[in-house]
Protein chains: 2
Amino acid sequence: MEAELKSITGGTVTSPQGFLAGAVKAGIKGEAKLDLAILYSEKPCVAAGVFTTTSIKAAPVILSQKHLKEKKAQAVVVNSGSANACTGDSGMADAVEMAKLVSGKLELSAYDVLVASTGVIGVPLPMERISTGINKIALNKDGGHDLARAIMTTDTFPKEIAISVDSELGEFTIGGVAKGAGMIHPNMATMLCFLTTDAMVDAGFLQSALQKAVDASFNRITIDGDTSPSDTAVILANGLAQTKTINEGNGGLFQKALDEVCLYLAKCVARDGEGATKLIEVTIEGAVNETQACLAARTVASSPLLKAAIHGNDPNWGRAVAALGRSRVEVNEKKLEVYMNDVCVMKQGSPVPFDKHKMSTSLAGKEVSVRLCLNLGQGKAVAWGCDLSEEYVTINSDYTT
Amino acid sequence: MEAELKSITGGTVTSPQGFLAGAVKAGIKGEAKLDLAILYSEKPCVAAGVFTTTSIKAAPVILSQKHLKEKKAQAVVVNSGSANACTGDSGMADAVEMAKLVSGKLELSAYDVLVASTGVIGVPLPMERISTGINKIALNKDGGHDLARAIMTTDTFPKEIAISVDSELGEFTIGGVAKGAGMIHPNMATMLCFLTTDAMVDAGFLQSALQKAVDASFNRITIDGDTSPSDTAVILANGLAQTKTINEGNGGLFQKALDEVCLYLAKCVARDGEGATKLIEVTIEGAVNETQACLAARTVASSPLLKAAIHGNDPNWGRAVAALGRSRVEVNEKKLEVYMNDVCVMKQGSPVPFDKHKMSTSLAGKEVSVRLCLNLGQGKAVAWGCDLSEEYVTINSDYTT
């Protein structure tokens, strides 16, 4: 990390000044777990968001996109347990009602409230429980931790971070939380991610900075190749740190800090893929350009066969090469080099003998790297995924029953 | 099936006149199983093939494509246990040697021998065992059954069929065998499929008929979204049934029979996906055109989340809709209807209540149908896949170790 950036111990989405949050067990999940939360800024915020690009969008995504047209927001309400997707007109009415309930509670315009829902698709929200729950939520400065838990579905740990930045424009903080676990193959967006900052940020720059950070983080992870209709990443900037206005011209350090926050959260999501036991980092070097490198990295990281092999500590590198082959990027097999955990297993298109036992032991670690050098150009990209375990299937074979 | 087509009990790739085959346990797999086979026609054949479209092609694929340039062939040699892919120049030399050994044994030109290999990627072929094995292979009329077994890798049953055709152009037979199991998401080709016929067929028509049959069968199945560098489907036509020459103008019935043979084999492959316990048939109706319908059907059939849900008899239809959403085909959610095993679960974009227990019992059958009606146009397509089980992961987590 840059010298000017400092990770805050125990940092979360409410670490920046003026942000509060709270969560309750509203009973949406049908078990005694936090499942409904509000994130709130004491001051109106400049806001930006990126959302799922699939053609079937959840009602809260459509509503939040509409509310973000003015590039401002002051609160986010989010539930887990139901995605409020494929729920028709009544699903949209429910999302609108959630925003209204929060606007009433916090005395805001409903347009300043963003809405997000995650969980089962095609199940209506239990609006009575949500209404009662919203009433009960108490906002406080430490509430980010509860919010991070309340948005979890099959996640096994909360994902939260905050970084303080000592910049020429003033000191400020960026915080964030995310949830992932399944249906993760982001495309122009991610699962759920809420970001906050007390910096003063130009609205146009905030949107482009978020898009850039998401492209290099959430858009580089894959769990199972399925894309969620609920993908949402939003950032709220309230300016309470009284920095100079950060914009395209002076925003380099802000961008770096935002990139760090998003990358940390994205890697948490990859590591915590449903049933995952390790993080897989796929690096493509020497592609003809960065776009091709990125496509290749994502394709290799998403190969179920490679993921299953790595789960079993099996150095079956041919599966990485097969996935590269189907990625449609330019490849000259005779120039190809492949490394697993930095051991060369293929060079100039031919297998290189290696100690299988030693490699298998090395693959048993918590992080596995697969590196493919195409030796055709300067294109480089990294993507992150996780191993595919029996547990992934078990989790997903009785999700609604 | 058309009245003129008749399935032959116990039919296989050697059912058409003049085709012989044989297989041996050459020890390539390191276990006492058939793993090396030859298919042979007593008469030179007109031949056609379709092959993997990935950029990393196995050596036998490159060689067979070269040998097929003259649109003729008389024998196929195939091994399981090693795919001879990512094996560099020595891999290509091994493929050439396999063709030479068979041409010597059968007194043919090496150019009339096609080669196929399936198994682990990146492992050189044990050429001494292959040489000894080829010497030992005895060809006979019933040999198709042994060949069907010799090409199996993680397949749990041999896939073979023959159909006799009573046509105005004369009586003839089409036979075929295939292997699948994993790394199955064909694109312009399939895993391994060998087809034979004793009809007299025009070479140009044979190629287009094969392509058409493959498009509607092997190109409609998916197991895990991974594409193999070894995908090969070839057909040999020896003319021994003394039909009139079948061509574009009179080949309707031939096409139908070939379609039937390929569809049967493709569905066998889908049903026998690694770890699979059931066949999933995904039908898209009312897409704006057939191309979009096909893309949507393949995307839905390949969703790991839907496949895992169906494995657990969980009617989590939202996952089918989410996969449709990410398929990039034109969808109007408000017009969408979804059926699982012919029970409507979503209509006009809203969930339709159904008896979950009854549905779950129905999903426990050996075949599950998922139908999505887009109500936008006339485009219709069917794709086949299988459920995703813990066993898929277990099989693939220790394939080489």
# chains A, B, ... in the order shown; residues from 1 in each chain; ligands from 1
>>> interface_residues(of="chain A", to="chain B", cutoff="7 Å", atoms="only C-alpha atoms", output="ChimeraX atom specification")
/A:54-56,86-88,121-122,224,226-229,303-305,308-312,314,316,318,322-323,325-326,328,331,333,349-351,388-390,393-394,396-398,400-401
>>> residues_around(residues="B:Lys6", least_positions_apart="4", cutoff="7 Å", atoms="only C-alpha atoms", output="list in words")
Ile163, Ser164 and Val165 of chain B
>>> select_by_dssp(residues="stretch 151-378 of chain B", states="strand (DSSP E or B)", output="ChimeraX atom specification")
/B:159-167,170-179,192-197,201,221,232-237,246,279-287,337-340,343-347,350-351,367-373
>>> select_by_dssp(residues="stretch 234-352 of chain B", states="helix (DSSP H, G or I)", output="number ranges by chain")
B: 252-271, 290-301, 304-311, 318-326, 333-335
>>> residues_around(residues="A:Asp272", least_positions_apart="6", cutoff="10 Å", atoms="only C-alpha atoms", output="ChimeraX atom specification")
/A:154-159,179-182,223,266,278-279,385-386
>>> write_last_selection(atoms="N, CA and C atoms", output="PDB file, in the first residue's frame")
ATOM      1  N   THR A 154     -24.880 -16.944   2.388  1.00  0.00           N
ATOM      2  CA  THR A 154     -24.053 -18.120   2.688  1.00  0.00           C
ATOM      3  C   THR A 154     -22.610 -17.719   2.958  1.00  0.00           C
ATOM      4  N   ASP A 155     -22.322 -16.444   3.077  1.00  0.00           N
ATOM      5  CA  ASP A 155     -20.988 -15.989   3.485  1.00  0.00           C
ATOM      6  C   ASP A 155     -20.652 -16.612   4.832  1.00  0.00           C
ATOM      7  N   THR A 156     -19.373 -16.927   5.037  1.00  0.00           N
ATOM      8  CA  THR A 156     -18.994 -17.491   6.337  1.00  0.00           C
ATOM      9  C   THR A 156     -18.326 -16.467   7.246  1.00  0.00           C
ATOM     10  N   PHE A 157     -17.933 -15.324   6.688  1.00  0.00           N
ATOM     11  CA  PHE A 157     -17.376 -14.266   7.552  1.00  0.00           C
ATOM     12  C   PHE A 157     -17.759 -12.900   6.982  1.00  0.00           C
ATOM     13  N   PRO A 158     -17.912 -11.876   7.868  1.00  0.00           N
ATOM     14  CA  PRO A 158     -18.228 -10.539   7.381  1.00  0.00           C
ATOM     15  C   PRO A 158     -17.012  -9.954   6.666  1.00  0.00           C
ATOM     16  N   LYS A 159     -17.267  -9.106   5.667  1.00  0.00           N
ATOM     17  CA  LYS A 159     -16.201  -8.515   4.861  1.00  0.00           C
ATOM     18  C   LYS A 159     -16.256  -7.003   5.025  1.00  0.00           C
ATOM     19  N   LYS A 179     -20.792  -8.426   0.480  1.00  0.00           N
ATOM     20  CA  LYS A 179     -21.209  -9.816   0.674  1.00  0.00           C
ATOM     21  C   LYS A 179     -21.115 -10.528  -0.676  1.00  0.00           C
ATOM     22  N   GLY A 180     -20.844 -11.802  -0.599  1.00  0.00           N
ATOM     23  CA  GLY A 180     -20.700 -12.526  -1.862  1.00  0.00           C
ATOM     24  C   GLY A 180     -21.256 -13.911  -1.749  1.00  0.00           C
ATOM     25  N   ALA A 181     -20.401 -14.916  -1.825  1.00  0.00           N
ATOM     26  CA  ALA A 181     -20.677 -16.332  -1.580  1.00  0.00           C
ATOM     27  C   ALA A 181     -21.111 -17.123  -2.813  1.00  0.00           C
ATOM     28  N   GLY A 182     -22.214 -16.761  -3.474  1.00  0.00           N
ATOM     29  CA  GLY A 182     -22.610 -17.553  -4.641  1.00  0.00           C
ATOM     30  C   GLY A 182     -23.207 -16.655  -5.703  1.00  0.00           C
ATOM     31  N   ILE A 223     -16.909 -16.840  -8.781  1.00  0.00           N
ATOM     32  CA  ILE A 223     -17.111 -18.003  -7.911  1.00  0.00           C
ATOM     33  C   ILE A 223     -17.651 -19.147  -8.754  1.00  0.00           C
ATOM     34  N   ALA A 266     -13.091  -7.593  -2.623  1.00  0.00           N
ATOM     35  CA  ALA A 266     -13.285  -8.571  -3.701  1.00  0.00           C
ATOM     36  C   ALA A 266     -12.547  -9.870  -3.394  1.00  0.00           C
ATOM     37  N   LYS A 278      -9.901 -22.349  -0.513  1.00  0.00           N
ATOM     38  CA  LYS A 278      -8.731 -21.523  -0.822  1.00  0.00           C
ATOM     39  C   LYS A 278      -9.007 -20.491  -1.901  1.00  0.00           C
ATOM     40  N   LEU A 279      -8.101 -19.497  -1.933  1.00  0.00           N
ATOM     41  CA  LEU A 279      -8.162 -18.434  -2.931  1.00  0.00           C
ATOM     42  C   LEU A 279      -7.255 -18.824  -4.094  1.00  0.00           C
ATOM     43  N   GLY A 385     -10.361 -16.363  -7.967  1.00  0.00           N
ATOM     44  CA  GLY A 385     -11.482 -17.265  -7.808  1.00  0.00           C
ATOM     45  C   GLY A 385     -11.228 -18.158  -6.608  1.00  0.00           C
ATOM     46  N   CYS A 386     -11.963 -19.243  -6.535  1.00  0.00           N
ATOM     47  CA  CYS A 386     -11.799 -20.152  -5.407  1.00  0.00           C
ATOM     48  C   CYS A 386     -11.915 -21.574  -5.908  1.00  0.00           C
TER      49      CYS A 386
END
>>> residues_around(residues="B:Cys373", least_positions_apart="4", cutoff="7 Å", atoms="only C-alpha atoms", output="count of residues only")
6
>>> closest_residue(among="B:Val115, B:Ala32, B:Val76, B:Leu108", to="B:Phe19", atoms="only C-alpha atoms")
B:Val76
>>> residues_around(residues="stretch 262-264 of chain B", least_positions_apart="5", cutoff="7 Å", atoms="only C-alpha atoms", output="PyMOL selection string")
chain B and resi 213-214+217
>>> write_last_selection(atoms="C-alpha atoms", output="PDB file, in the first residue's frame")
ATOM      1  CA  ALA B 213     -26.503 -33.004 -36.992  1.00  0.00           C
ATOM      2  CA  VAL B 214     -23.779 -31.938 -34.548  1.00  0.00           C
ATOM      3  CA  SER B 217     -27.180 -32.441 -30.774  1.00  0.00           C
TER       4      SER B 217
END
>>> residues_around(residues="A:Val370", least_positions_apart="4", cutoff="6 Å", atoms="only C-alpha atoms", output="NGL selection string")
:A and (282 or 339-340)
>>> write_last_selection(atoms="C-alpha atoms", output="mmCIF file, in the first residue's frame")
data_model
loop_
_atom_site.group_PDB
_atom_site.id
_atom_site.type_symbol
_atom_site.label_atom_id
_atom_site.label_comp_id
_atom_site.auth_asym_id
_atom_site.auth_seq_id
_atom_site.Cartn_x
_atom_site.Cartn_y
_atom_site.Cartn_z
ATOM 1 C CA VAL A 282 -4.777 -16.436 -11.957
ATOM 2 C CA TYR A 339 3.466 -21.907 -13.646
ATOM 3 C CA MET A 340 1.648 -23.313 -10.628
#
>>> residues_around(residues="stretch 150-153 of chain A", least_positions_apart="2", cutoff="8 Å", atoms="only C-alpha atoms", output="number ranges by chain")
A: 23-24, 33-37, 78-81, 118-119, 146-148, 155-158, 178-181
>>> atom_distance(atom1="atom CA of B:Gly251", atom2="atom CA of B:Gly175")
16.9 Å
>>> closest_residue(among="A:Arg271, A:Arg220, A:Lys105, A:Arg129", to="A:Val382", atoms="only C-alpha atoms")
A:Arg220
>>> decode(residues="stretch 84-120 of chain A", atoms="N, CA and C atoms", output="PDB file, in the first residue's frame")
ATOM      1  N   ASN A  84     -35.859 -10.131  -3.616  1.00  0.00           N
ATOM      2  CA  ASN A  84     -36.909  -9.316  -4.243  1.00  0.00           C
ATOM      3  C   ASN A  84     -36.638  -9.183  -5.749  1.00  0.00           C
ATOM      4  N   ALA A  85     -36.317 -10.312  -6.380  1.00  0.00           N
ATOM      5  CA  ALA A  85     -36.103 -10.378  -7.825  1.00  0.00           C
ATOM      6  C   ALA A  85     -37.133 -11.331  -8.407  1.00  0.00           C
ATOM      7  N   CYS A  86     -37.572 -11.075  -9.630  1.00  0.00           N
ATOM      8  CA  CYS A  86     -38.619 -11.884 -10.264  1.00  0.00           C
ATOM      9  C   CYS A  86     -39.872 -11.877  -9.413  1.00  0.00           C
ATOM     10  N   THR A  87     -40.209 -10.719  -8.884  1.00  0.00           N
ATOM     11  CA  THR A  87     -41.361 -10.616  -7.994  1.00  0.00           C
ATOM     12  C   THR A  87     -42.424  -9.679  -8.563  1.00  0.00           C
ATOM     13  N   GLY A  88     -42.222  -9.268  -9.840  1.00  0.00           N
ATOM     14  CA  GLY A  88     -43.268  -8.522 -10.533  1.00  0.00           C
ATOM     15  C   GLY A  88     -43.550  -7.143  -9.951  1.00  0.00           C
ATOM     16  N   ASP A  89     -44.741  -6.625 -10.262  1.00  0.00           N
ATOM     17  CA  ASP A  89     -45.097  -5.273  -9.838  1.00  0.00           C
ATOM     18  C   ASP A  89     -45.150  -5.139  -8.323  1.00  0.00           C
ATOM     19  N   SER A  90     -45.602  -6.206  -7.637  1.00  0.00           N
ATOM     20  CA  SER A  90     -45.694  -6.097  -6.176  1.00  0.00           C
ATOM     21  C   SER A  90     -44.293  -6.057  -5.574  1.00  0.00           C
ATOM     22  N   GLY A  91     -43.311  -6.677  -6.242  1.00  0.00           N
ATOM     23  CA  GLY A  91     -41.926  -6.594  -5.780  1.00  0.00           C
ATOM     24  C   GLY A  91     -41.413  -5.167  -5.870  1.00  0.00           C
ATOM     25  N   MET A  92     -41.766  -4.481  -6.954  1.00  0.00           N
ATOM     26  CA  MET A  92     -41.354  -3.083  -7.098  1.00  0.00           C
ATOM     27  C   MET A  92     -42.040  -2.222  -6.041  1.00  0.00           C
ATOM     28  N   ALA A  93     -43.320  -2.489  -5.790  1.00  0.00           N
ATOM     29  CA  ALA A  93     -44.041  -1.743  -4.753  1.00  0.00           C
ATOM     30  C   ALA A  93     -43.382  -1.953  -3.392  1.00  0.00           C
ATOM     31  N   ASP A  94     -42.921  -3.166  -3.135  1.00  0.00           N
ATOM     32  CA  ASP A  94     -42.258  -3.454  -1.852  1.00  0.00           C
ATOM     33  C   ASP A  94     -40.945  -2.671  -1.719  1.00  0.00           C
ATOM     34  N   ALA A  95     -40.181  -2.609  -2.823  1.00  0.00           N
ATOM     35  CA  ALA A  95     -38.915  -1.865  -2.774  1.00  0.00           C
ATOM     36  C   ALA A  95     -39.182  -0.384  -2.499  1.00  0.00           C
ATOM     37  N   VAL A  96     -40.205   0.155  -3.177  1.00  0.00           N
ATOM     38  CA  VAL A  96     -40.586   1.558  -2.960  1.00  0.00           C
ATOM     39  C   VAL A  96     -40.999   1.772  -1.506  1.00  0.00           C
ATOM     40  N   GLU A  97     -41.750   0.816  -0.968  1.00  0.00           N
ATOM     41  CA  GLU A  97     -42.219   0.904   0.420  1.00  0.00           C
ATOM     42  C   GLU A  97     -41.038   0.894   1.398  1.00  0.00           C
ATOM     43  N   MET A  98     -40.021   0.064   1.117  1.00  0.00           N
ATOM     44  CA  MET A  98     -38.835   0.031   1.990  1.00  0.00           C
ATOM     45  C   MET A  98     -38.172   1.414   2.041  1.00  0.00           C
ATOM     46  N   ALA A  99     -38.044   2.031   0.874  1.00  0.00           N
ATOM     47  CA  ALA A  99     -37.435   3.369   0.835  1.00  0.00           C
ATOM     48  C   ALA A  99     -38.282   4.369   1.618  1.00  0.00           C
ATOM     49  N   LYS A 100     -39.610   4.254   1.462  1.00  0.00           N
ATOM     50  CA  LYS A 100     -40.522   5.174   2.159  1.00  0.00           C
ATOM     51  C   LYS A 100     -40.452   5.009   3.664  1.00  0.00           C
ATOM     52  N   LEU A 101     -40.408   3.756   4.132  1.00  0.00           N
ATOM     53  CA  LEU A 101     -40.343   3.505   5.573  1.00  0.00           C
ATOM     54  C   LEU A 101     -39.093   4.132   6.172  1.00  0.00           C
ATOM     55  N   VAL A 102     -37.966   4.004   5.433  1.00  0.00           N
ATOM     56  CA  VAL A 102     -36.711   4.575   5.935  1.00  0.00           C
ATOM     57  C   VAL A 102     -36.748   6.098   5.860  1.00  0.00           C
ATOM     58  N   SER A 103     -37.344   6.628   4.795  1.00  0.00           N
ATOM     59  CA  SER A 103     -37.410   8.091   4.673  1.00  0.00           C
ATOM     60  C   SER A 103     -38.267   8.673   5.786  1.00  0.00           C
ATOM     61  N   GLY A 104     -39.334   7.954   6.171  1.00  0.00           N
ATOM     62  CA  GLY A 104     -40.167   8.396   7.283  1.00  0.00           C
ATOM     63  C   GLY A 104     -39.398   8.363   8.596  1.00  0.00           C
ATOM     64  N   LYS A 105     -38.708   7.254   8.818  1.00  0.00           N
ATOM     65  CA  LYS A 105     -37.976   7.079  10.079  1.00  0.00           C
ATOM     66  C   LYS A 105     -36.885   8.145  10.234  1.00  0.00           C
ATOM     67  N   LEU A 106     -36.186   8.452   9.127  1.00  0.00           N
ATOM     68  CA  LEU A 106     -35.013   9.327   9.213  1.00  0.00           C
ATOM     69  C   LEU A 106     -35.294  10.748   8.728  1.00  0.00           C
ATOM     70  N   GLU A 107     -36.533  11.003   8.370  1.00  0.00           N
ATOM     71  CA  GLU A 107     -36.940  12.327   7.881  1.00  0.00           C
ATOM     72  C   GLU A 107     -36.102  12.785   6.691  1.00  0.00           C
ATOM     73  N   LEU A 108     -36.097  11.932   5.671  1.00  0.00           N
ATOM     74  CA  LEU A 108     -35.403  12.209   4.418  1.00  0.00           C
ATOM     75  C   LEU A 108     -36.402  12.132   3.288  1.00  0.00           C
ATOM     76  N   SER A 109     -36.017  12.593   2.122  1.00  0.00           N
ATOM     77  CA  SER A 109     -36.806  12.296   0.939  1.00  0.00           C
ATOM     78  C   SER A 109     -36.578  10.824   0.594  1.00  0.00           C
ATOM     79  N   ALA A 110     -37.634  10.132   0.134  1.00  0.00           N
ATOM     80  CA  ALA A 110     -37.477   8.724  -0.250  1.00  0.00           C
ATOM     81  C   ALA A 110     -36.461   8.586  -1.374  1.00  0.00           C
ATOM     82  N   TYR A 111     -36.289   9.634  -2.154  1.00  0.00           N
ATOM     83  CA  TYR A 111     -35.318   9.600  -3.255  1.00  0.00           C
ATOM     84  C   TYR A 111     -33.878   9.540  -2.754  1.00  0.00           C
ATOM     85  N   ASP A 112     -33.675   9.904  -1.479  1.00  0.00           N
ATOM     86  CA  ASP A 112     -32.326   9.854  -0.916  1.00  0.00           C
ATOM     87  C   ASP A 112     -32.009   8.513  -0.257  1.00  0.00           C
ATOM     88  N   VAL A 113     -32.942   7.582  -0.398  1.00  0.00           N
ATOM     89  CA  VAL A 113     -32.733   6.249   0.182  1.00  0.00           C
ATOM     90  C   VAL A 113     -32.490   5.237  -0.939  1.00  0.00           C
ATOM     91  N   LEU A 114     -31.390   4.515  -0.862  1.00  0.00           N
ATOM     92  CA  LEU A 114     -31.118   3.424  -1.805  1.00  0.00           C
ATOM     93  C   LEU A 114     -31.561   2.118  -1.152  1.00  0.00           C
ATOM     94  N   VAL A 115     -31.963   1.164  -1.986  1.00  0.00           N
ATOM     95  CA  VAL A 115     -32.492  -0.105  -1.466  1.00  0.00           C
ATOM     96  C   VAL A 115     -31.713  -1.266  -2.081  1.00  0.00           C
ATOM     97  N   ALA A 116     -31.402  -2.273  -1.282  1.00  0.00           N
ATOM     98  CA  ALA A 116     -30.758  -3.486  -1.790  1.00  0.00           C
ATOM     99  C   ALA A 116     -31.324  -4.694  -1.059  1.00  0.00           C
ATOM    100  N   SER A 117     -31.482  -5.793  -1.786  1.00  0.00           N
ATOM    101  CA  SER A 117     -31.989  -7.029  -1.193  1.00  0.00           C
ATOM    102  C   SER A 117     -31.168  -8.188  -1.734  1.00  0.00           C
ATOM    103  N   THR A 118     -30.907  -9.180  -0.906  1.00  0.00           N
ATOM    104  CA  THR A 118     -30.144 -10.345  -1.372  1.00  0.00           C
ATOM    105  C   THR A 118     -30.711 -11.609  -0.737  1.00  0.00           C
ATOM    106  N   GLY A 119     -30.724 -12.693  -1.490  1.00  0.00           N
ATOM    107  CA  GLY A 119     -31.271 -13.945  -0.966  1.00  0.00           C
ATOM    108  C   GLY A 119     -31.942 -14.710  -2.083  1.00  0.00           C
ATOM    109  N   VAL A 120     -32.989 -15.445  -1.747  1.00  0.00           N
ATOM    110  CA  VAL A 120     -33.677 -16.271  -2.735  1.00  0.00           C
ATOM    111  C   VAL A 120     -34.371 -15.400  -3.781  1.00  0.00           C
TER     112      VAL A 120
END
